[in-house]
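*Asks:* I am attaching a structure below and will ask some questions about it afterwards.
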Amino acid sequence: ERDRAWFRDRSWLGGLPRLGHEPWPCDGAGMPLPFAAQIDLGELAAACPESPLPTVGSLAFFLGTGAVVWVPPGDHDFSEPPQDLPPAFDEGGYPFPATKHRLSRYFFPFWPVHPVALDIPATLRDHRDPERDAAIEHAMATQLAQYVRSRSQAYGAPDGTLWWHGAMHLADQLHEAYESSARLVALRRDAVHQAETALEAVGARDRNDRSLQVAQSELAGRQADLAAVEAQRAELPDMIAAFDQFVSGRAPWQPLTLAECAVVEDFLSELHGRFSETVRYHVPASAIALSTLSLRTMVTGDPDALAALPEEQLQRINAGYLLPLQHPHQMFGLGACQQDARDGHRDDLLLLQLGYDDMMEWRWGDMGLFQFWISPQDAAQGRWEAAQLTFECA
């Protein structure tokens, strides 16, 4: 909503927590944990009067090794992040990068949420068998569809619109690709050295022509791979300089013309044709990924970014893109996980489930799920440190 003051929302995903005087949790090594969500317990109780949780304050959820923090009620400001907070994700890439890059971001996109209760029929609540689980899942999906449409695809502009923000992101990706290519060259050199050592060993112990031919062929192949990567690394800076010049001085939220879009598409095609080894894990295959990234940034970014979002795109996102791709973000009920994982927490409360969500830059591996669990007894006594975080591959 263009006129909405998002930061007044009481429950949200991503962004920063409002911890009041509570400390930012850390793992066993003292490293601050990445923040994921904060849910107002009063809002939760209003939507779900049967909630077994307190009705005042809020719960803040952190990933990594996992932590749940109860925050007393109050008009708290957003907390200052710790100085040594590690990056949460690489923009357009994956969460929890091992090293900081130019595309690394320290907070997931800020996205307000409000709880919606799904009324599971009483006949399904008191049995423990697979048929009950399937019936509950069906009932949840049917009721959720009354509020918002499900989706199964990315949300790039269908008319092919590309903004200079996306082109600038591609320029950053190219710099990342070049910086990472030094390690790729080193790995290929190690592979050549291993093949050379293997060939020497074969020559010393076995004069069989076939064995020598195999070892020689392996060495030749690895030498060719090394030469190709070295050549690509040598030529890539010229491509980067040309594209940097192409995007220089552009306004990030100005759309590209059709001719400029064609330049980007041709550039991507050339990159994947001539520099496939060095860019394949850094550069998208087509401009639709850049369009998607820009749209996501517009709806979760600063006011200038949102103001640039075309009205038809905002309506399209609001109509069909308010849910994660596969599993919903959820509190209570059955977790969307395998039967054995459910059985392991059958008597626990599902405090929060966070599914794979490209809008949130939550690209959990294998469409996975993060789930916070706690026993009813620990929840009733406020022992939030007893909560457990699990990860389930879908």
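Residues in the structure tokens are named by chain (A, B, ... in the order shown) and by number from 1 within that chain; ligands are numbered from 1 in the order shown.
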Can you tell me, as a PyMOL selection string, what residues are no more than 12 Å from Gly203 (chain A) when counting only C-alpha atoms, ignoring any on the same chain fewer than 4 positions away?

*Replies:* chain A and resi 196-199+207-216

*Asks:* Which residues are near Asn318 (chain A)? Cut-off 12 Å, only C-alpha atoms, ignore same chain within fewer than 6 positions. Put them as a list in words.

*Replies:* Glu1, Arg2, Tyr147, Val148, Arg149, Ser150, Arg151, Tyr155, Val299, Glu311 and Glu312 of chain A

*Asks:* Of the candidates A:Ala319, A:Ala380, A:Met298, A:Leu33, which one gets nearest to Pro109 (chain A) if we count only C-alpha atoms?

*Replies:*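 Among A:Ala319, A:Ala380, A:Met298, A:Leu33, it is A:Met298 that comes nearest to Pro109 (chain A).
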
*Asks:* What's the 7 Å shell around Leu354 (chain A), counting only C-alpha atoms, without same-chain residues fewer than 2 positions away, as a list of chain:residue names?

*Replies:*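 Residues meeting the cut-off are A:His329, A:Gln330, A:Leu352, A:Tyr356, A:Leu369, A:Phe370, A:Gln371.
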
*Asks:* Keeping only N, CA and C atoms, write the selected residues to a file as a short mmCIF file (atom, residue, chain, number, x, y, z; two decimals), in the first residue's frame.

*Replies:*
data_model
loop_
_atom_site.label_atom_id
_atom_site.label_comp_id
_atom_site.auth_asym_id
_atom_site.auth_seq_id
_atom_site.Cartn_x
_atom_site.Cartn_y
_atom_site.Cartn_z
N HIS A 329 4.12 -19.54 5.76
CA HIS A 329 4.63 -19.18 7.07
C HIS A 329 3.49 -19.43 8.06
N GLN A 330 3.80 -20.08 9.16
CA GLN A 330 2.72 -20.66 9.98
C GLN A 330 3.10 -20.68 11.45
N LEU A 352 6.77 -21.31 15.13
CA LEU A 352 6.84 -20.57 13.87
C LEU A 352 7.47 -21.45 12.80
N TYR A 356 10.35 -21.44 2.25
CA TYR A 356 11.11 -20.84 1.15
C TYR A 356 10.29 -19.68 0.58
N LEU A 369 12.45 -25.74 5.06
CA LEU A 369 11.65 -25.08 6.08
C LEU A 369 12.47 -24.90 7.35
N PHE A 370 12.41 -23.71 7.93
CA PHE A 370 12.89 -23.52 9.29
C PHE A 370 11.67 -23.58 10.22
N GLN A 371 11.81 -24.33 11.32
CA GLN A 371 10.70 -24.49 12.25
C GLN A 371 11.19 -24.36 13.69
#

*Asks:* Could you name the residues that touch region 220-227 of chain A at 12 Å or less, counting only C-alpha atoms, but leaving out those on the same chain fewer than 2 positions away, as number ranges by chain?

*Replies:* A: 181-196, 199, 213-218, 229-234, 276-278

*Asks:* Fewer than 6 positions away in the same chain doesn't count, so skip those; otherwise give me all residues within 7 Å of region 19-27 of chain A, counting only C-alpha atoms, as a PyMOL selection string.

*Replies:* chain A and resi 33+65+67+71+76+79

*Asks:* How would the residues just chosen look if you wrote them out with N, CA and C atoms as a PDB file, in the first residue's frame?

*Replies:*
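This went into part.pdb:
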ATOM      1  N   LEU A  33      23.117 -13.717  15.929  1.00  0.00           N
ATOM      2  CA  LEU A  33      22.266 -14.531  15.066  1.00  0.00           C
ATOM      3  C   LEU A  33      21.458 -13.652  14.110  1.00  0.00           C
ATOM      4  N   THR A  65      21.825 -20.832  14.888  1.00  0.00           N
ATOM      5  CA  THR A  65      21.585 -21.910  15.847  1.00  0.00           C
ATOM      6  C   THR A  65      20.211 -21.794  16.484  1.00  0.00           C
ATOM      7  N   ALA A  67      17.110 -18.927  18.167  1.00  0.00           N
ATOM      8  CA  ALA A  67      16.799 -18.307  19.456  1.00  0.00           C
ATOM      9  C   ALA A  67      15.416 -17.665  19.361  1.00  0.00           C
ATOM     10  N   VAL A  71       9.805 -10.233  24.199  1.00  0.00           N
ATOM     11  CA  VAL A  71      10.035  -8.803  24.386  1.00  0.00           C
ATOM     12  C   VAL A  71       8.837  -8.229  25.141  1.00  0.00           C
ATOM     13  N   HIS A  76       8.845   0.274  21.550  1.00  0.00           N
ATOM     14  CA  HIS A  76      10.290   0.139  21.368  1.00  0.00           C
ATOM     15  C   HIS A  76      10.716   0.614  19.981  1.00  0.00           C
ATOM     16  N   SER A  79      15.973  -2.075  17.090  1.00  0.00           N
ATOM     17  CA  SER A  79      17.240  -2.285  17.788  1.00  0.00           C
ATOM     18  C   SER A  79      18.430  -1.999  16.880  1.00  0.00           C
TER      19      SER A  79
END

*Asks:* Using DSSP on the backbone coordinates, identify all residues within region 1-167 of chain A classified as strand (DSSP E); present the result as a list of chain:residue names.

*Replies:* A:Trp12, A:Leu13, A:Phe35, A:Ala36, A:Ala37, A:Gln38, A:Ile39, A:Asp40, A:Ser58, A:Leu59, A:Ala60, A:Phe61, A:Phe62, A:Ala67, A:Val68, A:Val69, A:Trp70, A:Val71, A:Phe89, A:Asp90, A:Ser104, A:Arg105, A:Trp111, A:Pro112

*Asks:* Pull N, CA and C atoms from the residues just selected and write them as a tab-separated table (two decimals), in the first residue's frame.

*Replies:*
chain	number	residue	atom	x	y	z
A	12	TRP	N	6.01	-8.63	11.90
A	12	TRP	CA	6.69	-8.50	10.61
A	12	TRP	C	7.75	-9.60	10.45
A	13	LEU	N	8.15	-9.79	9.19
A	13	LEU	CA	9.26	-10.66	8.83
A	13	LEU	C	10.42	-9.78	8.38
A	35	PHE	N	18.33	-12.13	12.34
A	35	PHE	CA	16.94	-11.93	12.73
A	35	PHE	C	16.01	-12.36	11.60
A	36	ALA	N	14.88	-13.01	11.98
A	36	ALA	CA	13.95	-13.52	10.97
A	36	ALA	C	12.55	-12.92	11.09
A	37	ALA	N	12.01	-12.78	12.31
A	37	ALA	CA	10.61	-12.37	12.44
A	37	ALA	C	10.32	-11.91	13.86
A	38	GLN	N	9.30	-11.05	14.00
A	38	GLN	CA	8.79	-10.66	15.31
A	38	GLN	C	7.27	-10.63	15.24
A	39	ILE	N	6.62	-11.36	16.15
A	39	ILE	CA	5.17	-11.52	16.14
A	39	ILE	C	4.59	-10.95	17.44
A	40	ASP	N	3.66	-10.03	17.28
A	40	ASP	CA	3.00	-9.44	18.45
A	40	ASP	C	2.00	-10.43	19.02
A	58	SER	N	5.82	-9.57	22.69
A	58	SER	CA	6.03	-10.16	21.37
A	58	SER	C	7.15	-11.19	21.44
A	59	LEU	N	7.21	-12.03	20.43
A	59	LEU	CA	8.29	-13.01	20.29
A	59	LEU	C	9.14	-12.65	19.08
A	60	ALA	N	10.44	-12.55	19.30
A	60	ALA	CA	11.39	-12.31	18.22
A	60	ALA	C	12.14	-13.60	17.92
A	61	PHE	N	12.25	-13.94	16.64
A	61	PHE	CA	12.83	-15.21	16.22
A	61	PHE	C	14.12	-14.97	15.45
A	62	PHE	N	15.14	-15.76	15.79
A	62	PHE	CA	16.46	-15.63	15.17
A	62	PHE	C	16.88	-16.99	14.61
A	67	ALA	N	17.11	-18.93	18.17
A	67	ALA	CA	16.80	-18.31	19.46
A	67	ALA	C	15.42	-17.66	19.36
A	68	VAL	N	14.69	-17.71	20.47
A	68	VAL	CA	13.40	-17.04	20.60
A	68	VAL	C	13.49	-16.11	21.81
A	69	VAL	N	13.16	-14.85	21.62
A	69	VAL	CA	13.27	-13.85	22.68
A	69	VAL	C	11.89	-13.24	22.92
A	70	TRP	N	11.43	-13.29	24.19
A	70	TRP	CA	10.19	-12.61	24.54
A	70	TRP	C	10.52	-11.16	24.86
A	71	VAL	N	9.81	-10.23	24.20
A	71	VAL	CA	10.03	-8.80	24.39
A	71	VAL	C	8.84	-8.23	25.14
A	89	PHE	N	22.21	-12.37	3.74
A	89	PHE	CA	22.06	-12.98	2.41
A	89	PHE	C	22.83	-12.17	1.39
A	90	ASP	N	23.06	-12.78	0.25
A	90	ASP	CA	23.58	-12.08	-0.92
A	90	ASP	C	22.41	-11.74	-1.82
A	104	SER	N	26.27	-8.52	-0.57
A	104	SER	CA	25.81	-9.01	0.73
A	104	SER	C	24.97	-7.95	1.44
A	105	ARG	N	23.91	-8.41	2.10
A	105	ARG	CA	23.02	-7.54	2.86
A	105	ARG	C	22.88	-8.10	4.27
A	111	TRP	N	8.94	-7.04	5.83
A	111	TRP	CA	7.64	-7.38	5.26
A	111	TRP	C	6.62	-7.53	6.39
A	112	PRO	N	5.70	-6.56	6.56
A	112	PRO	CA	4.68	-6.67	7.61
A	112	PRO	C	3.74	-7.85	7.36

*Asks:* Out of A:Pro310, A:Gly93, A:Pro121, A:Pro32, which residue has the shortest atom-to-atom distance to Arg363 (chain A) when counting only C-alpha atoms?

*Replies:*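 That would be A:Gly93, the residue with the smallest distance to Arg363 (chain A).
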
*Asks:* Report the distance between CA of Leu293 (chain A) and CA of Gly166 (chain A) in Å, rounded to one decimal place.

*Replies:*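 Computing the Euclidean distance for CA of Leu293 (chain A) and CA of Gly166 (chain A) yields 6.8 Å.
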
*Asks:* Using only C-alpha atoms, find each residue in region 68-172 of chain A having at least one atom no more than 9 Å away from region 47-50 of chain A; report its shortest atom-to-atom pair and that distance in Å (one decimal), rows by chain then rising number, as CSV.

*Replies:*
residue,atom,partner,partner_atom,distance
A:His114,CA,A:Ala47,CA,8.8
A:Pro115,CA,A:Ala47,CA,6.2
A:Val116,CA,A:Ala47,CA,6.0
A:Ala117,CA,A:Ala47,CA,5.7
A:Leu118,CA,A:Cys48,CA,8.8

*Asks:* Any idea what the distance is between CA of Ala307 (chain A) and CA of Ile288 (chain A)?

*Replies:* 21.0 Å

*Asks:* Leu309 (chain A): which residues within 12 Å, counting only C-alpha atoms, same-chain residues fewer than 6 positions away excluded, as a PyMOL selection string?

*Replies:* chain A and resi 1-2+157+161-163+252-255+291+294-303+315-317

*Asks:* Could you pull out all residues of region 231-390 of chain A with a DSSP call of helix (DSSP H, G or I) and give them as number ranges by chain?

*Replies:* A: 231-247, 258-274, 276-279, 288-300, 303-307, 311-320, 339-344, 358-360, 365-367, 376-380, 384-386
